[in-house]
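Undergrad: This is the content of my_file-v9.pdb (PDB, C-alpha atoms):
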MODEL        1
ATOM      1  CA  MET Q 294     -34.257  43.396   4.082
ATOM      2  CA  LEU Q 295     -34.744  43.611   0.322
ATOM      3  CA  LYS Q 296     -36.776  40.672  -1.023
ATOM      4  CA  ILE Q 297     -36.424  39.676  -4.682
ATOM      5  CA  GLY Q 298     -38.746  37.178  -6.365
ATOM      6  CA  ILE Q 299     -37.549  35.016  -9.242
ATOM      7  CA  THR Q 300     -39.838  33.001 -11.483
ATOM      8  CA  GLY Q 301     -40.169  31.620 -14.981
ATOM      9  CA  GLY Q 302     -42.145  29.110 -16.999
ATOM     10  CA  ILE Q 303     -41.386  25.400 -16.802
ATOM     11  CA  GLY Q 304     -37.995  24.786 -18.436
ATOM     12  CA  SER Q 305     -36.968  28.451 -18.347
ATOM     13  CA  GLY Q 306     -33.918  27.749 -16.181
ATOM     14  CA  LYS Q 307     -35.009  29.709 -13.096
ATOM     15  CA  SER Q 308     -33.513  27.128 -10.713
ATOM     16  CA  THR Q 309     -30.136  27.246 -12.459
ATOM     17  CA  ILE Q 310     -30.131  31.057 -12.357
ATOM     18  CA  SER Q 311     -31.163  31.020  -8.684
ATOM     19  CA  LYS Q 312     -28.090  28.863  -8.013
ATOM     20  CA  ILE Q 313     -25.868  31.511  -9.648
ATOM     21  CA  PHE Q 314     -27.292  34.110  -7.234
ATOM     22  CA  LYS Q 315     -26.635  31.657  -4.397
ATOM     23  CA  VAL Q 316     -22.979  31.345  -5.471
ATOM     24  CA  LEU Q 317     -22.802  35.154  -5.190
ATOM     25  CA  GLY Q 318     -23.769  34.822  -1.510
ATOM     26  CA  VAL Q 319     -27.504  35.463  -1.793
ATOM     27  CA  SER Q 320     -29.828  33.385   0.400
ATOM     28  CA  VAL Q 321     -32.502  31.693  -1.737
ATOM     29  CA  PHE Q 322     -35.865  30.311  -0.583
ATOM     30  CA  TYR Q 323     -37.061  27.561  -2.932
ATOM     31  CA  ALA Q 324     -40.858  27.796  -2.639
ATOM     32  CA  ASP Q 325     -41.644  24.594  -4.539
ATOM     33  CA  ASP Q 326     -39.366  22.531  -2.264
ATOM     34  CA  GLN Q 327     -40.800  24.251   0.804
ATOM     35  CA  ALA Q 328     -44.363  23.479  -0.365
ATOM     36  CA  LYS Q 329     -43.525  19.755  -0.151
ATOM     37  CA  ARG Q 330     -42.053  20.242   3.333
ATOM     38  CA  VAL Q 331     -44.950  22.232   4.826
ATOM     39  CA  MET Q 332     -47.441  19.620   3.606
ATOM     40  CA  THR Q 333     -46.052  17.278   6.260
ATOM     41  CA  GLU Q 334     -44.995  19.829   8.892
ATOM     42  CA  ASP Q 335     -47.534  22.681   9.013
ATOM     43  CA  PRO Q 336     -50.422  21.558  11.289
ATOM     44  CA  ILE Q 337     -52.862  24.169   9.916
ATOM     45  CA  LEU Q 338     -52.191  23.042   6.352
ATOM     46  CA  ILE Q 339     -52.409  19.327   7.218
ATOM     47  CA  GLU Q 340     -55.786  19.760   8.908
ATOM     48  CA  SER Q 341     -57.110  21.822   5.978
ATOM     49  CA  LEU Q 342     -55.992  19.193   3.452
ATOM     50  CA  LYS Q 343     -57.678  16.422   5.439
ATOM     51  CA  GLN Q 344     -60.907  18.403   5.716
ATOM     52  CA  THR Q 345     -60.903  19.272   2.005
ATOM     53  CA  PHE Q 346     -59.725  16.004   0.440
ATOM     54  CA  GLY Q 347     -60.436  13.450   3.166
ATOM     55  CA  LYS Q 348     -58.297  11.609   5.710
ATOM     56  CA  GLN Q 349     -56.855   9.499   2.857
ATOM     57  CA  ALA Q 350     -54.760  12.561   1.979
ATOM     58  CA  TYR Q 351     -52.214  11.265   4.518
ATOM     59  CA  PHE Q 352     -50.801   7.861   5.345
ATOM     60  CA  ASP Q 353     -50.784   6.609   8.946
ATOM     61  CA  ASP Q 354     -47.106   7.602   9.300
ATOM     62  CA  GLY Q 355     -47.985  11.246   8.555
ATOM     63  CA  SER Q 356     -46.566  11.327   5.046
ATOM     64  CA  LEU Q 357     -48.601  12.872   2.251
ATOM     65  CA  ASN Q 358     -50.472  10.517  -0.089
ATOM     66  CA  ARG Q 359     -49.265  12.318  -3.208
ATOM     67  CA  LYS Q 360     -50.789   9.812  -5.624
ATOM     68  CA  TYR Q 361     -54.220  10.233  -4.016
ATOM     69  CA  ILE Q 362     -54.021  14.055  -4.107
ATOM     70  CA  ALA Q 363     -52.682  14.048  -7.677
ATOM     71  CA  GLY Q 364     -55.583  11.817  -8.756
ATOM     72  CA  ILE Q 365     -58.047  14.397  -7.428
ATOM     73  CA  VAL Q 366     -56.459  17.572  -8.794
ATOM     74  CA  PHE Q 367     -55.087  16.237 -12.110
ATOM     75  CA  ASN Q 368     -57.106  17.751 -14.972
ATOM     76  CA  ASN Q 369     -59.552  19.255 -12.448
ATOM     77  CA  PRO Q 370     -58.953  23.028 -12.280
ATOM     78  CA  ASP Q 371     -61.454  23.555  -9.435
ATOM     79  CA  GLU Q 372     -59.817  20.957  -7.182
ATOM     80  CA  LEU Q 373     -56.350  22.240  -8.092
ATOM     81  CA  ALA Q 374     -57.454  25.762  -7.171
ATOM     82  CA  LYS Q 375     -58.605  24.436  -3.773
ATOM     83  CA  LEU Q 376     -55.228  22.751  -3.203
ATOM     84  CA  ASN Q 377     -53.342  25.935  -4.132
ATOM     85  CA  ALA Q 378     -55.601  28.108  -1.950
ATOM     86  CA  ILE Q 379     -54.728  25.909   1.042
ATOM     87  CA  THR Q 380     -51.025  25.432   0.275
ATOM     88  CA  HIS Q 381     -49.908  28.934  -0.777
ATOM     89  CA  PRO Q 382     -50.629  30.617   2.606
ATOM     90  CA  ALA Q 383     -48.590  27.923   4.376
ATOM     91  CA  VAL Q 384     -45.660  28.564   2.020
ATOM     92  CA  PHE Q 385     -46.037  32.319   2.651
ATOM     93  CA  ARG Q 386     -45.787  31.613   6.414
ATOM     94  CA  ALA Q 387     -42.703  29.457   5.853
ATOM     95  CA  PHE Q 388     -41.102  32.221   3.763
ATOM     96  CA  ASP Q 389     -41.752  34.841   6.452
ATOM     97  CA  ALA Q 390     -40.260  32.581   9.147
ATOM     98  CA  TRP Q 391     -37.235  31.812   6.949
ATOM     99  CA  ALA Q 392     -36.674  35.474   5.992
ATOM    100  CA  ALA Q 393     -36.726  36.491   9.653
ATOM    101  CA  GLN Q 394     -33.769  34.145  10.270
ATOM    102  CA  VAL Q 395     -31.605  35.423   7.386
ATOM    103  CA  GLN Q 396     -28.765  37.650   8.540
ATOM    104  CA  ASP Q 397     -25.597  39.154   7.054
ATOM    105  CA  CYS Q 398     -27.125  39.217   3.585
ATOM    106  CA  PRO Q 399     -27.886  42.476   1.711
ATOM    107  CA  TYR Q 400     -30.893  40.936  -0.014
ATOM    108  CA  LEU Q 401     -32.615  37.573  -0.281
ATOM    109  CA  MET Q 402     -34.507  35.775  -3.020
ATOM    110  CA  LYS Q 403     -37.642  33.685  -3.298
ATOM    111  CA  GLU Q 404     -37.775  31.262  -6.211
ATOM    112  CA  ALA Q 405     -41.265  30.064  -7.152
ATOM    113  CA  ALA Q 406     -42.879  28.629 -10.276
ATOM    114  CA  LEU Q 407     -46.244  30.275  -9.495
ATOM    115  CA  MET Q 408     -44.907  33.600  -8.215
ATOM    116  CA  PHE Q 409     -47.472  35.773  -9.992
ATOM    117  CA  GLU Q 410     -50.273  33.200 -10.006
ATOM    118  CA  SER Q 411     -50.137  32.717  -6.216
ATOM    119  CA  GLY Q 412     -49.847  36.417  -5.421
ATOM    120  CA  SER Q 413     -46.528  35.884  -3.624
ATOM    121  CA  SER Q 414     -44.908  38.402  -5.990
ATOM    122  CA  LYS Q 415     -46.638  41.055  -3.877
ATOM    123  CA  LEU Q 416     -44.562  39.915  -0.867
ATOM    124  CA  CYS Q 417     -41.371  40.771  -2.754
ATOM    125  CA  ASP Q 418     -39.930  44.238  -3.405
ATOM    126  CA  LYS Q 419     -38.985  43.383  -6.998
ATOM    127  CA  ASN Q 420     -39.523  40.378  -9.273
ATOM    128  CA  ILE Q 421     -37.376  38.797 -11.974
ATOM    129  CA  LEU Q 422     -38.725  36.727 -14.860
ATOM    130  CA  VAL Q 423     -36.387  34.167 -16.402
ATOM    131  CA  TYR Q 424     -37.495  34.049 -20.022
ATOM    132  CA  ALA Q 425     -37.091  31.492 -22.789
ATOM    133  CA  PRO Q 426     -39.468  30.855 -25.720
ATOM    134  CA  LEU Q 427     -42.104  28.158 -25.218
ATOM    135  CA  GLU Q 428     -40.749  25.701 -27.808
ATOM    136  CA  MET Q 429     -37.275  25.909 -26.289
ATOM    137  CA  ARG Q 430     -38.708  25.333 -22.801
ATOM    138  CA  ILE Q 431     -40.757  22.330 -23.939
ATOM    139  CA  SER Q 432     -37.754  20.652 -25.591
ATOM    140  CA  ARG Q 433     -35.616  21.305 -22.488
ATOM    141  CA  VAL Q 434     -38.127  19.656 -20.159
ATOM    142  CA  ILE Q 435     -38.679  16.675 -22.476
ATOM    143  CA  GLY Q 436     -34.904  16.140 -22.553
ATOM    144  CA  ARG Q 437     -34.444  16.756 -18.813
ATOM    145  CA  ASP Q 438     -37.408  14.927 -17.294
ATOM    146  CA  GLY Q 439     -38.394  12.467 -20.015
ATOM    147  CA  LEU Q 440     -41.953  13.804 -20.090
ATOM    148  CA  SER Q 441     -44.157  13.736 -23.169
ATOM    149  CA  ARG Q 442     -44.942  16.959 -25.002
ATOM    150  CA  GLU Q 443     -48.556  16.693 -23.781
ATOM    151  CA  GLU Q 444     -47.438  16.449 -20.138
ATOM    152  CA  VAL Q 445     -45.201  19.516 -20.466
ATOM    153  CA  GLU Q 446     -47.936  21.505 -22.212
ATOM    154  CA  SER Q 447     -50.423  20.486 -19.505
ATOM    155  CA  ARG Q 448     -48.091  21.767 -16.767
ATOM    156  CA  ASN Q 449     -47.349  24.941 -18.683
ATOM    157  CA  ALA Q 450     -51.086  25.610 -19.134
ATOM    158  CA  ARG Q 451     -51.438  25.962 -15.335
ATOM    159  CA  GLN Q 452     -49.112  28.965 -15.399
ATOM    160  CA  PHE Q 453     -49.639  32.492 -16.703
ATOM    161  CA  THR Q 454     -48.550  33.050 -20.284
ATOM    162  CA  ASP Q 455     -45.148  34.610 -21.002
ATOM    163  CA  GLU Q 456     -46.957  37.765 -22.134
ATOM    164  CA  GLN Q 457     -48.758  38.046 -18.782
ATOM    165  CA  LYS Q 458     -45.549  37.450 -16.828
ATOM    166  CA  LEU Q 459     -43.559  39.955 -18.891
ATOM    167  CA  LYS Q 460     -46.078  42.650 -17.978
ATOM    168  CA  LEU Q 461     -45.808  41.833 -14.266
ATOM    169  CA  ALA Q 462     -42.026  41.406 -13.986
ATOM    170  CA  ASP Q 463     -39.701  44.230 -12.944
ATOM    171  CA  TYR Q 464     -36.668  42.610 -14.603
ATOM    172  CA  VAL Q 465     -36.123  39.949 -17.272
ATOM    173  CA  ILE Q 466     -33.193  37.568 -17.605
ATOM    174  CA  LYS Q 467     -33.074  36.091 -21.106
ATOM    175  CA  ASN Q 468     -32.105  32.425 -21.053
ATOM    176  CA  ASP Q 469     -32.762  31.755 -24.734
ATOM    177  CA  ASP Q 470     -29.168  31.334 -25.995
ATOM    178  CA  THR Q 471     -29.172  34.865 -27.489
ATOM    179  CA  GLU Q 472     -27.316  36.432 -24.520
ATOM    180  CA  LEU Q 473     -24.903  35.139 -21.914
ATOM    181  CA  VAL Q 474     -26.736  34.585 -18.629
ATOM    182  CA  ILE Q 475     -23.960  35.277 -16.095
ATOM    183  CA  PRO Q 476     -23.380  38.942 -17.124
ATOM    184  CA  GLN Q 477     -27.141  39.530 -16.799
ATOM    185  CA  VAL Q 478     -27.115  38.007 -13.304
ATOM    186  CA  LEU Q 479     -24.043  39.985 -12.247
ATOM    187  CA  ALA Q 480     -25.585  43.254 -13.460
ATOM    188  CA  LEU Q 481     -28.781  42.604 -11.475
ATOM    189  CA  HIS Q 482     -26.763  41.541  -8.434
ATOM    190  CA  GLN Q 483     -24.893  44.862  -8.434
ATOM    191  CA  HIS Q 484     -28.185  46.711  -8.932
ATOM    192  CA  PHE Q 485     -29.780  44.957  -5.940
ATOM    193  CA  LEU Q 486     -26.693  45.608  -3.761
ATOM    194  CA  LYS Q 487     -27.065  49.345  -4.502
ATOM    195  CA  MET Q 488     -30.807  49.193  -3.790
ATOM    196  CA  ALA Q 489     -30.186  47.391  -0.503
ATOM    197  CA  SER Q 490     -27.543  49.877   0.633
ATOM    198  CA  ALA Q 491     -29.890  52.773  -0.126
ATOM    199  CA  THR Q 492     -32.647  51.470   2.163
TER     200      THR Q 492
ENDMDL
END
If you convert what's in this file into structure tokens, what do you get?

TA:
Amino acid sequence: MLKIGITGGIGSGKSTISKIFKVLGVSVFYADDQAKRVMTEDPILIESLKQTFGKQAYFDDGSLNRKYIAGIVFNNPDELAKLNAITHPAVFRAFDAWAAQVQDCPYLMKEAALMFESGSSKLCDKNILVYAPLEMRISRVIGRDGLSREEVESRNARQFTDEQKLKLADYVIKNDDTELVIPQVLALHQHFLKMASAT
């Protein structure tokens, strides 16, 4: 089955656009949500996190001690890289298991913030970048999540730049108020339906 990745910088609107594809009948795997799930359900991942960050990484009830983990990886690129190196393979496994269950769907999508950074773009046949200029994205996130500009910039700094992503993406959906989004989505949807029927 055709696998399409969809990504974008923080505040780009990738989740909203993924929901439009879902309305069109496309099954969507939300990698960031699944990452939270596998941290409490994937035994390989749980053991690796405990070995890397200590038994305090989990509470006695099996739930993840997010505050403890965040305290270790926040502003520490090396520790964050360790966390990602442990977590991404577990999310890849979850995606494979999920994709194997999807039926009666011409193509499926994987939505992930770190699609290119994690290497999961290579697991998809094609990848879409949802694009909006940085200043627009920052103001959206400040308004949506109530974060400070510094917090948004810190999160954005962990991702590839727009220039890097534009070079890696197969398709771009502009969500910068210069073009209507739905016609762009519909055009790509028709394109992917043709691709899927040709395979």

Undergrad: Give me the residues near range 349-362 of chain Q as an NGL selection string, where near means some atom within 9 Å (using only C-alpha atoms) and where sequence neighbours in that chain fewer than 3 positions away do not count.

TA: :Q and (329 or 332-333 or 339 or 342-343 or 346 or 365-367 or 376)

Undergrad: Taking into account all atoms listed in the file, which residue in the set Q:Val395, Q:Ala425, Q:Met402, Q:Ala328 is nearest to Lys315 in chain Q?

TA: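 Ranking Q:Val395, Q:Ala425, Q:Met402, Q:Ala328 by distance to Lys315 in chain Q, first place goes to Q:Met402.
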
Undergrad: Do you know which residues are at most 6 Å from range 409-421 of chain Q counting all atoms listed in the file, after dropping those on the same chain fewer than 2 positions away, and could you put them as JSON, numbers by chain?

TA: {"Q": [296, 297, 298, 299, 407, 462, 463, 464, 465]}

Undergrad: What is the CA of Gln452 in chain Q-CA of Gly306 in chain Q distance in Å, reported with one decimal?

TA: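 Separating CA of Gln452 in chain Q from CA of Gly306 in chain Q is a distance of 15.3 Å.
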
Undergrad: Rounded to one decimal, what separation in Å do you get between CA of Leu473 in chain Q and CA of Leu459 in chain Q?

TA: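 Spanning CA of Leu473 in chain Q to CA of Leu459 in chain Q is a straight-line distance of 19.5 Å.
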
Undergrad: At what distance in Å, to one decimal, does CA of Phe385 in chain Q lie from CA of Ala324 in chain Q?

TA: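 Value for the CA of Ala324 in chain Q-CA of Phe385 in chain Q distance: 8.7 Å.
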
Undergrad: From the options Q:Glu443, Q:Gln344, Q:Asn368, Q:Gly302, which residue's atoms come nearest to Gln457 in chain Q, counting only C-alpha atoms?

TA: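 Smallest distance to Gln457 in chain Q is found for Q:Gly302.
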
Undergrad: Within 12 Å of range 429-431 of chain Q, counting only C-alpha atoms, which residues show up once you throw out same-chain ones fewer than 6 positions away? Write them as a PyMOL selection string, please.

TA: chain Q and resi 301-307+423+437-450+455+468-470

Undergrad: Which is closest to Asn369 in chain Q among Q:Leu401, Q:Arg451, Q:Ala480, Q:Thr492, if we use only C-alpha atoms?

TA: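 Checking each of Q:Leu401, Q:Arg451, Q:Ala480, Q:Thr492 against Asn369 in chain Q, counting only C-alpha atoms, the winner is Q:Arg451.
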